[in-house]
Structures are given as C-alpha cells and as structure tokens.
Amino acid sequence: MAQIKKFLYVNRKAPYGTIYAWESLEVVLIGAAFDQDVMLAFVDDGVYQIVKGADTKGIEMKNFSPTYSALGDYDVKKIYVEKESLEKRGLTVDDLLDLKWEDEDDDWAERDSIHIVSSAEMAAIMDDAEVVLSF
Amino acid sequence: MKFSIQINEGPYQHQASDTAYQFTKAALDNGHEIFRVFFYHDGVNNGTRLTTPPQDDRNIVTRWSDLAAEHELDLVLCVAAAQRRGIVDEGEMERNGKDANNIAPGFRISGLGQLIEAGIQADRLVVFGD
C-alpha cells in the first residue's frame, strides 16, 4: 500500500467516563502499522487525556496513560494541543505528559512531540488533513 | 465519489446510525460508491440480528442488511469493540467458546486495519457519532 495520506485523530473527550479516548488510542496504535502521515489533536476535554499523574485505582479502570508515552515508538510524533482548551481548564503545558520521539537522522536525539497551537492554527491543521477521525 | 462511512454509536439511543443510513442511501442513489461502512465503539450494536424494535418503528439493523444485499455493501464491525459488547459471529463464537452468535446478515467482523484502509482508499471518510 504505497499511498500515504495525512491522518488526523481528533480527541475531544475526557479519558474516563466514556470509552472514546481508549478506543481512539487503539485505532492510532493499529493505524501505525500502515505507514501513514499521522497527527493527533487534543481539544476540549480531550486535553485531559494527556495530563500527567493519572491514577485510576479509585474507579477500577485500566490506566492507559502510559500508552501515550509509547506513541513516539510508533512513529507518532506530531501531537497538537489546543491552547484555548488548556487555558479554559486552568492547564499549561507543564501539566501534560512529556511526550517525545527519537530522531534517527540526528543520532536519536529526543524531540518534543507536543505542540501547543491556537484554535486558528488547529483549524488550519484540520483543513490540511486528508482523513479526519474524531473521537 | 468514493465514500467510506464510520458509525460510532449504537441504534435507537443515538441518531448517528439513522443519519449514516440516510447518507449512504442518498450517496448510492446519486451514483456514488461506498467503499465500506465501518462500525466502531457502540456502533457495533447495529450488527446484532437479535434486535427487536416495536413493529411501528424502523428496524435499523435489517435496514442495513437489506441495503447491503441490494448494493453489495461491505458492513464491517470492529472485532475489539464487538468482543467487548457481545457481538459475535460463528468464528468468534468458536474461538472464544461462546454458546451463541448474533451477527446480522450482511455484516462481518474484522480488525481496525479495515478502518484505516477505508480512510486510505476512499476520497472521503465520513464519521457519524457524538
């Protein structure tokens, strides 16, 4: 399958409460095998999915927070977080997981996967994507 | 144009499957191609033949089955989502040692790769859900 398209996964919902976040992550992980151009977006309550320090013991659910840190190994290195969504929830980039990917063209230097973008920039990213899956 | 459809919500609770059905039908009526309809999340509940709505209501499941038969539609239920929610075909029944299956005619169970492929192959992937 030689064709490469720009895939954008839009995550809009809190990590627990509904299954959307986890099942979205499952698509991202499976999709990684298809060698497409992958981008992830986190907007609205979706930004809570990548807040660090998640502890799910009290609700007896599997904590899938560590899976986000593995995304770099799946070649998922473009993660866009909407600035306005963070601000509305009193969050900053320091509250988020430190997601990295390793640049094989530069002696495996660690690079930040997370990019904070304005809603206008997010709109442009969505416009540029060829396949948009929203969860 | 070649469309792929993704349905993320179950029948009756949510309008997603109804709207997706109307969209799919309209697209076919206007000469477009539907590459695949992929059911994800609670959307897999659109594929159980045990659904029994009141007689004066639409039957969402048989409506999909009938449309699939008429147009050779590829209706795919995500296997991981289906296993969680008890949607079972003959193969899954045997593999997981279950005593029954419930998949509706015209549907098949397969992996998430089918959704990615649907996105790659179609001109547009249209997602119906919350």
# chains A, B, ... in the order shown; residues from 1 in each chain; ligands from 1
>>> select_by_dssp(residues="chain B", states="helix (DSSP H, G or I)", output="count of residues only")
55
>>> interface_residues(of="chain A", to="chain B", cutoff="7 Å", atoms="only C-alpha atoms", output="PyMOL selection string")
chain A and resi 5+27+30-31+131+133
>>> closest_residue(among="B:Ala16, B:Ile103, B:Ile60, B:Leu67", to="Asp29 in chain B", atoms="only C-alpha atoms")
B:Leu67
>>> residues_around(residues="range 104-115 of chain A", least_positions_apart="4", cutoff="6 Å", atoms="only C-alpha atoms", output="list in words")
Lys77, Lys78, Ile79, Tyr80, Leu99 and Lys100 of chain A
>>> write_last_selection(atoms="C-alpha atoms", output="JSON list (two decimals), in the first residue's frame")
[["chain", "number", "residue", "atom", "x", "y", "z"],
["A", 77, "LYS", "CA", 5.43, 12.45, 16.60],
["A", 78, "LYS", "CA", 3.03, 15.23, 15.71],
["A", 79, "ILE", "CA", 0.72, 15.93, 18.62],
["A", 80, "TYR", "CA", -1.20, 19.20, 18.60],
["A", 99, "LEU", "CA", 5.86, 13.09, 25.11],
["A", 100, "LYS", "CA", 8.99, 12.60, 23.00]]
>>> select_by_dssp(residues="chain A", states="strand (DSSP E)", output="ChimeraX atom specification")
/A:6-11,37-42,79-82,100-103,109-112,114-117,131-134
>>> write_last_selection(atoms="N, CA and C atoms", output="compact mmCIF listing (two decimals), in the first residue's frame")
# COMPACT_ATOMS: atom_id res chain seq x y z
N LYS A 6 -2.56 12.02 4.93
CA LYS A 6 -2.43 12.71 6.21
C LYS A 6 -3.62 12.35 7.09
N PHE A 7 -3.37 11.55 8.11
CA PHE A 7 -4.42 11.14 9.06
C PHE A 7 -4.39 12.05 10.28
N LEU A 8 -5.54 12.55 10.66
CA LEU A 8 -5.64 13.34 11.88
C LEU A 8 -6.66 12.70 12.83
N TYR A 9 -6.20 12.33 14.00
CA TYR A 9 -7.09 11.79 15.03
C TYR A 9 -7.44 12.93 15.99
N VAL A 10 -8.71 13.28 16.06
CA VAL A 10 -9.14 14.39 16.92
C VAL A 10 -9.74 13.83 18.21
N ASN A 11 -9.08 14.11 19.32
CA ASN A 11 -9.53 13.60 20.61
C ASN A 11 -10.20 14.72 21.39
N ASP A 37 0.91 9.30 7.29
CA ASP A 37 1.37 10.52 7.94
C ASP A 37 0.37 10.85 9.06
N VAL A 38 0.77 10.60 10.31
CA VAL A 38 -0.18 10.64 11.42
C VAL A 38 -0.02 11.90 12.28
N MET A 39 -1.16 12.52 12.58
CA MET A 39 -1.19 13.64 13.52
C MET A 39 -2.28 13.37 14.55
N LEU A 40 -2.03 13.80 15.78
CA LEU A 40 -3.04 13.71 16.83
C LEU A 40 -3.40 15.11 17.29
N ALA A 41 -4.68 15.35 17.51
CA ALA A 41 -5.12 16.63 18.05
C ALA A 41 -5.85 16.39 19.36
N PHE A 42 -5.61 17.25 20.33
CA PHE A 42 -6.33 17.19 21.60
C PHE A 42 -7.02 18.52 21.83
N ILE A 79 1.86 15.87 17.71
CA ILE A 79 0.72 15.93 18.62
C ILE A 79 0.40 17.40 18.89
N TYR A 80 -0.80 17.80 18.48
CA TYR A 80 -1.20 19.20 18.60
C TYR A 80 -2.24 19.36 19.71
N VAL A 81 -1.98 20.29 20.61
CA VAL A 81 -2.89 20.54 21.73
C VAL A 81 -3.39 21.98 21.62
N GLU A 82 -4.69 22.13 21.69
CA GLU A 82 -5.26 23.47 21.51
C GLU A 82 -5.06 24.32 22.77
N LYS A 100 7.80 12.40 23.84
CA LYS A 100 8.99 12.60 23.00
C LYS A 100 9.02 11.60 21.85
N TRP A 101 9.79 11.93 20.84
CA TRP A 101 10.13 10.94 19.81
C TRP A 101 11.62 11.07 19.53
N GLU A 102 12.20 10.01 19.01
CA GLU A 102 13.65 10.00 18.76
C GLU A 102 13.94 10.17 17.29
N ASP A 103 14.80 11.14 16.99
CA ASP A 103 15.11 11.50 15.61
C ASP A 103 16.29 10.66 15.11
N ALA A 109 18.33 11.88 18.72
CA ALA A 109 18.06 12.97 19.66
C ALA A 109 16.58 12.98 20.01
N GLU A 110 16.27 13.26 21.26
CA GLU A 110 14.88 13.32 21.70
C GLU A 110 14.25 14.65 21.29
N ARG A 111 13.09 14.56 20.74
CA ARG A 111 12.38 15.78 20.34
C ARG A 111 10.99 15.78 20.98
N ASP A 112 10.47 16.99 21.22
CA ASP A 112 9.11 17.10 21.77
C ASP A 112 8.07 16.73 20.72
N ILE A 114 4.77 17.18 21.49
CA ILE A 114 3.63 18.06 21.75
C ILE A 114 3.88 19.47 21.24
N HIS A 115 2.93 19.98 20.49
CA HIS A 115 2.96 21.36 20.02
C HIS A 115 1.67 22.04 20.47
N ILE A 116 1.82 23.15 21.17
CA ILE A 116 0.64 23.90 21.60
C ILE A 116 0.27 24.86 20.46
N VAL A 117 -0.98 24.77 20.01
CA VAL A 117 -1.40 25.61 18.88
C VAL A 117 -2.69 26.36 19.23
N VAL A 131 -7.65 12.66 6.04
CA VAL A 131 -8.57 11.74 6.71
C VAL A 131 -8.67 12.18 8.17
N VAL A 132 -9.86 12.62 8.58
CA VAL A 132 -10.04 13.10 9.95
C VAL A 132 -10.95 12.14 10.70
N LEU A 133 -10.41 11.53 11.75
CA LEU A 133 -11.22 10.66 12.60
C LEU A 133 -11.42 11.36 13.92
N SER A 134 -12.68 11.62 14.28
CA SER A 134 -12.91 12.36 15.52
C SER A 134 -13.53 11.45 16.57
>>> residues_around(residues="Asp18 in chain B", least_positions_apart="4", cutoff="10 Å", atoms="only C-alpha atoms", output="PyMOL selection string")
chain B and resi 7+10-12+14+22-24+58+60+63-64+128
>>> write_last_selection(atoms="N, CA and C atoms", output="PDB file, in the first residue's frame")
ATOM      1  N   ILE B   7     -19.383   4.632  11.758  1.00  0.00           N
ATOM      2  CA  ILE B   7     -20.524   4.849  12.667  1.00  0.00           C
ATOM      3  C   ILE B   7     -20.089   4.504  14.086  1.00  0.00           C
ATOM      4  N   GLY B  10     -24.543   3.341  18.842  1.00  0.00           N
ATOM      5  CA  GLY B  10     -25.494   2.248  18.698  1.00  0.00           C
ATOM      6  C   GLY B  10     -26.834   2.715  18.140  1.00  0.00           C
ATOM      7  N   PRO B  11     -27.709   1.759  17.783  1.00  0.00           N
ATOM      8  CA  PRO B  11     -29.011   2.108  17.219  1.00  0.00           C
ATOM      9  C   PRO B  11     -29.980   2.613  18.290  1.00  0.00           C
ATOM     10  N   TYR B  12     -30.938   3.439  17.887  1.00  0.00           N
ATOM     11  CA  TYR B  12     -32.048   3.906  18.734  1.00  0.00           C
ATOM     12  C   TYR B  12     -31.638   4.901  19.808  1.00  0.00           C
ATOM     13  N   HIS B  14     -29.127   6.787  19.724  1.00  0.00           N
ATOM     14  CA  HIS B  14     -28.463   7.925  19.088  1.00  0.00           C
ATOM     15  C   HIS B  14     -28.833   7.945  17.606  1.00  0.00           C
ATOM     16  N   GLN B  22     -29.196   7.181   5.998  1.00  0.00           N
ATOM     17  CA  GLN B  22     -29.798   8.101   5.013  1.00  0.00           C
ATOM     18  C   GLN B  22     -28.719   8.660   4.078  1.00  0.00           C
ATOM     19  N   PHE B  23     -27.562   8.973   4.639  1.00  0.00           N
ATOM     20  CA  PHE B  23     -26.452   9.498   3.829  1.00  0.00           C
ATOM     21  C   PHE B  23     -25.988   8.450   2.824  1.00  0.00           C
ATOM     22  N   THR B  24     -25.811   7.212   3.313  1.00  0.00           N
ATOM     23  CA  THR B  24     -25.321   6.132   2.451  1.00  0.00           C
ATOM     24  C   THR B  24     -26.293   5.878   1.299  1.00  0.00           C
ATOM     25  N   ARG B  58     -38.930   1.836  12.792  1.00  0.00           N
ATOM     26  CA  ARG B  58     -37.967   1.354  11.799  1.00  0.00           C
ATOM     27  C   ARG B  58     -37.096   0.268  12.416  1.00  0.00           C
ATOM     28  N   ILE B  60     -33.554  -0.719  12.371  1.00  0.00           N
ATOM     29  CA  ILE B  60     -32.277  -0.165  11.922  1.00  0.00           C
ATOM     30  C   ILE B  60     -31.339  -1.262  11.419  1.00  0.00           C
ATOM     31  N   ARG B  63     -32.564  -2.840   8.119  1.00  0.00           N
ATOM     32  CA  ARG B  63     -32.440  -1.818   7.082  1.00  0.00           C
ATOM     33  C   ARG B  63     -31.025  -1.823   6.509  1.00  0.00           C
ATOM     34  N   TRP B  64     -30.016  -1.932   7.390  1.00  0.00           N
ATOM     35  CA  TRP B  64     -28.625  -2.039   6.919  1.00  0.00           C
ATOM     36  C   TRP B  64     -28.415  -3.334   6.137  1.00  0.00           C
ATOM     37  N   PHE B 128     -19.909   9.419  11.642  1.00  0.00           N
ATOM     38  CA  PHE B 128     -21.184   9.731  12.279  1.00  0.00           C
ATOM     39  C   PHE B 128     -21.117   9.338  13.748  1.00  0.00           C
TER      40      PHE B 128
END
>>> atom_distance(atom1="CA of Gly17 in chain A", atom2="CA of Val47 in chain A")
14.3 Å
>>> closest_residue(among="B:Ala20, B:Leu28, B:Ile87, B:Ala104", to="Ser65 in chain B", atoms="only C-alpha atoms")
B:Ala104
>>> residues_around(residues="Leu29 in chain A", least_positions_apart="5", cutoff="12 Å", atoms="only C-alpha atoms", output="CSV table (one decimal) with C-alpha atoms, in the first residue's frame")
chain,number,residue,atom,x,y,z
A,9,TYR,CA,-7.1,11.8,15.0
A,22,TRP,CA,-9.2,4.5,24.8
A,23,GLU,CA,-10.7,3.1,21.6
A,24,SER,CA,-9.3,6.1,19.8
A,34,PHE,CA,0.0,1.4,7.8
A,35,ASP,CA,2.9,3.9,7.5
A,36,GLN,CA,0.6,6.9,7.0
A,38,VAL,CA,-0.2,10.6,11.4
A,40,LEU,CA,-3.0,13.7,16.8
A,67,THR,CA,0.4,4.2,26.4
A,68,TYR,CA,0.6,7.8,25.2
A,70,ALA,CA,4.8,4.9,23.8
A,71,LEU,CA,3.4,6.8,20.8
A,72,GLY,CA,6.9,8.0,19.8
A,73,ASP,CA,8.0,4.4,19.3
A,74,TYR,CA,5.1,4.0,16.9
A,75,ASP,CA,6.3,7.0,14.9
A,76,VAL,CA,3.6,9.2,16.1
B,112,LEU,CA,-9.3,-1.9,12.9
B,113,GLY,CA,-7.0,-2.1,9.9
B,116,ILE,CA,-7.5,2.7,8.2
>>> closest_residue(among="A:Asp55, A:Met126, A:Glu26, A:Ser118", to="Cys78 in chain B", atoms="only C-alpha atoms")
A:Glu26
>>> residues_around(residues="range 31-34 of chain B", least_positions_apart="6", cutoff="7 Å", atoms="only C-alpha atoms", output="PDB file with N, CA and C atoms, in the first residue's frame")
ATOM      1  N   MET B   1     -18.004   9.964  -6.529  1.00  0.00           N
ATOM      2  CA  MET B   1     -17.023   9.981  -5.448  1.00  0.00           C
ATOM      3  C   MET B   1     -17.085   8.673  -4.642  1.00  0.00           C
ATOM      4  N   LYS B   2     -15.955   8.317  -4.092  1.00  0.00           N
ATOM      5  CA  LYS B   2     -15.902   7.078  -3.310  1.00  0.00           C
ATOM      6  C   LYS B   2     -15.885   7.430  -1.812  1.00  0.00           C
ATOM      7  N   PHE B   3     -16.914   6.987  -1.088  1.00  0.00           N
ATOM      8  CA  PHE B   3     -17.031   7.296   0.336  1.00  0.00           C
ATOM      9  C   PHE B   3     -16.732   6.073   1.202  1.00  0.00           C
ATOM     10  N   SER B   4     -16.164   6.322   2.374  1.00  0.00           N
ATOM     11  CA  SER B   4     -16.200   5.348   3.458  1.00  0.00           C
ATOM     12  C   SER B   4     -16.979   5.975   4.603  1.00  0.00           C
TER      13      SER B   4
END
>>> residues_around(residues="range 47-55 of chain B", least_positions_apart="2", cutoff="9 Å", atoms="only C-alpha atoms", output="NGL selection string")
:B and (39 or 43-45 or 57-62 or 64-65 or 75-77 or 87-88 or 101-108)
>>> atom_distance(atom1="CA of Gly53 in chain A", atom2="CA of Met122 in chain A")
25.9 Å
